[in-house]
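Report on one structure; see the data block that follows.
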Amino acid sequence: MVLPTGLLEAVRNYLDITWDDVAGDEKLTGIIARGMKYLNQIAGGELDYSEEDKPRELLLDYCLYARSHSLGEFQGNYLHELLSLQIAQEVKRYDQEQNTDIQ
């Protein structure tokens with residue numbers, strides 16, 4: 001999975017990682033990729049992580065929990081936000097289907 005431009009740097013900044021660590025960046029890239037896959041699965045489609053919006057916010061928090069070995073708590077602590085994301089994406093898909101049916 002290819003990360004959006006600048007996402008690794010944004011996650012490093014969010015996690016207050018200020019030192020250079022090639023192995024750490026590789027590990028963090030894996031965490032980011034797994035987080036994107038997880039959130040895409042919750043949303044039922046590809047999300048845009050390049051903009052400052054809810055998907056990116058949730059991904060940053062996912063990375064924080066994963067790096068802290070507390071990923072099991074992420075879903076419980078962010079259940080409301082995850083459900084809101086899922087509903088918003090479903091509404092978006094519905095609106096797009098309605099617009100294509102009209103044309």
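Letters for chains follow the order of the structure tokens (A, B, ...), residue numbers begin at 1 for each chain, and ligand numbers begin at 1 in the order shown.
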Per residue of range 74-93 of chain A within 7 Å of range 36-49 of chain A, note the shortest atom pair and the distance in Å to one decimal, counting only C-alpha atoms, and order the rows by chain and increasing residue number, as CSV.
```
residue,atom,partner,partner_atom,distance
A:Leu85,CA,A:Ala43,CA,6.3
A:Gln86,CA,A:Ala43,CA,4.4
A:Gln89,CA,A:Ala43,CA,6.0
```
Restricting to only C-alpha atoms, whichever of A:Asp16, A:Ile31, A:Lys54, A:Val11 is closest to Ala88 in chain A is A:Lys54
Could you write out, as a ChimeraX atom specification, all the residues of chain A that DSSP marks as alpha helix (DSSP H)?
/A:7-14,22-43,54-67,71-77,79-102
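Separating CA of Glu57 in chain A from CA of Pro4 in chain A is a distance of 14.3 Å.
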Inset, instruction - Within 12 Å of Asn77 in chain A, counting only C-alpha atoms, which residues show up once you throw out same-chain ones fewer than 4 positions away? Write them as a list of chain:residue names, please. - result: A:Leu58, A:Asp61, A:Tyr62, A:Tyr65, A:Ser70, A:Leu71, A:Gly72, A:Glu73, A:Glu81, A:Leu82, A:Leu83
Expressed in Å, the length from CA of Leu59 in chain A to CA of Val91 in chain A is 20.9 Å
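In this model, the gap between CA of Lys92 in chain A and CA of Arg56 in chain A comes to 17.5 Å.
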Fill in: All residues 12 Å or closer to Arg12 in chain A, only C-alpha atoms, same chain fewer than 3 positions away omitted, as a PyMOL selection string
chain A and resi 6-9+15-21+24-29+31-32+60-61+63-64+67
Generate the output file for the selected residues, C-alpha atoms, as an mmCIF file, in the first residue's frame.
```
data_model
loop_
_atom_site.group_PDB
_atom_site.id
_atom_site.type_symbol
_atom_site.label_atom_id
_atom_site.label_comp_id
_atom_site.auth_asym_id
_atom_site.auth_seq_id
_atom_site.Cartn_x
_atom_site.Cartn_y
_atom_site.Cartn_z
ATOM 1 C CA GLY A 6 3.537 13.540 3.712
ATOM 2 C CA LEU A 7 1.496 11.088 5.787
ATOM 3 C CA LEU A 8 4.501 9.395 7.399
ATOM 4 C CA GLU A 9 5.865 12.804 8.387
ATOM 5 C CA LEU A 15 3.643 11.002 17.809
ATOM 6 C CA ASP A 16 6.411 13.500 18.662
ATOM 7 C CA ILE A 17 9.071 11.422 16.910
ATOM 8 C CA THR A 18 11.841 13.915 16.223
ATOM 9 C CA TRP A 19 14.797 11.590 15.635
ATOM 10 C CA ASP A 20 15.786 9.746 12.449
ATOM 11 C CA ASP A 21 15.257 5.993 12.615
ATOM 12 C CA GLY A 24 11.332 2.851 13.199
ATOM 13 C CA ASP A 25 9.970 4.483 10.038
ATOM 14 C CA GLU A 26 9.544 1.060 8.445
ATOM 15 C CA LYS A 27 7.619 -0.157 11.492
ATOM 16 C CA LEU A 28 5.546 3.033 11.538
ATOM 17 C CA THR A 29 4.780 2.670 7.816
ATOM 18 C CA ILE A 31 1.237 0.582 11.372
ATOM 19 C CA ILE A 32 -0.079 3.329 9.091
ATOM 20 C CA LEU A 60 -3.357 9.382 13.689
ATOM 21 C CA ASP A 61 -5.075 8.161 16.852
ATOM 22 C CA CYS A 63 -1.194 4.928 15.138
ATOM 23 C CA LEU A 64 -0.869 6.362 18.648
ATOM 24 C CA ARG A 67 2.572 2.307 18.882
#
```
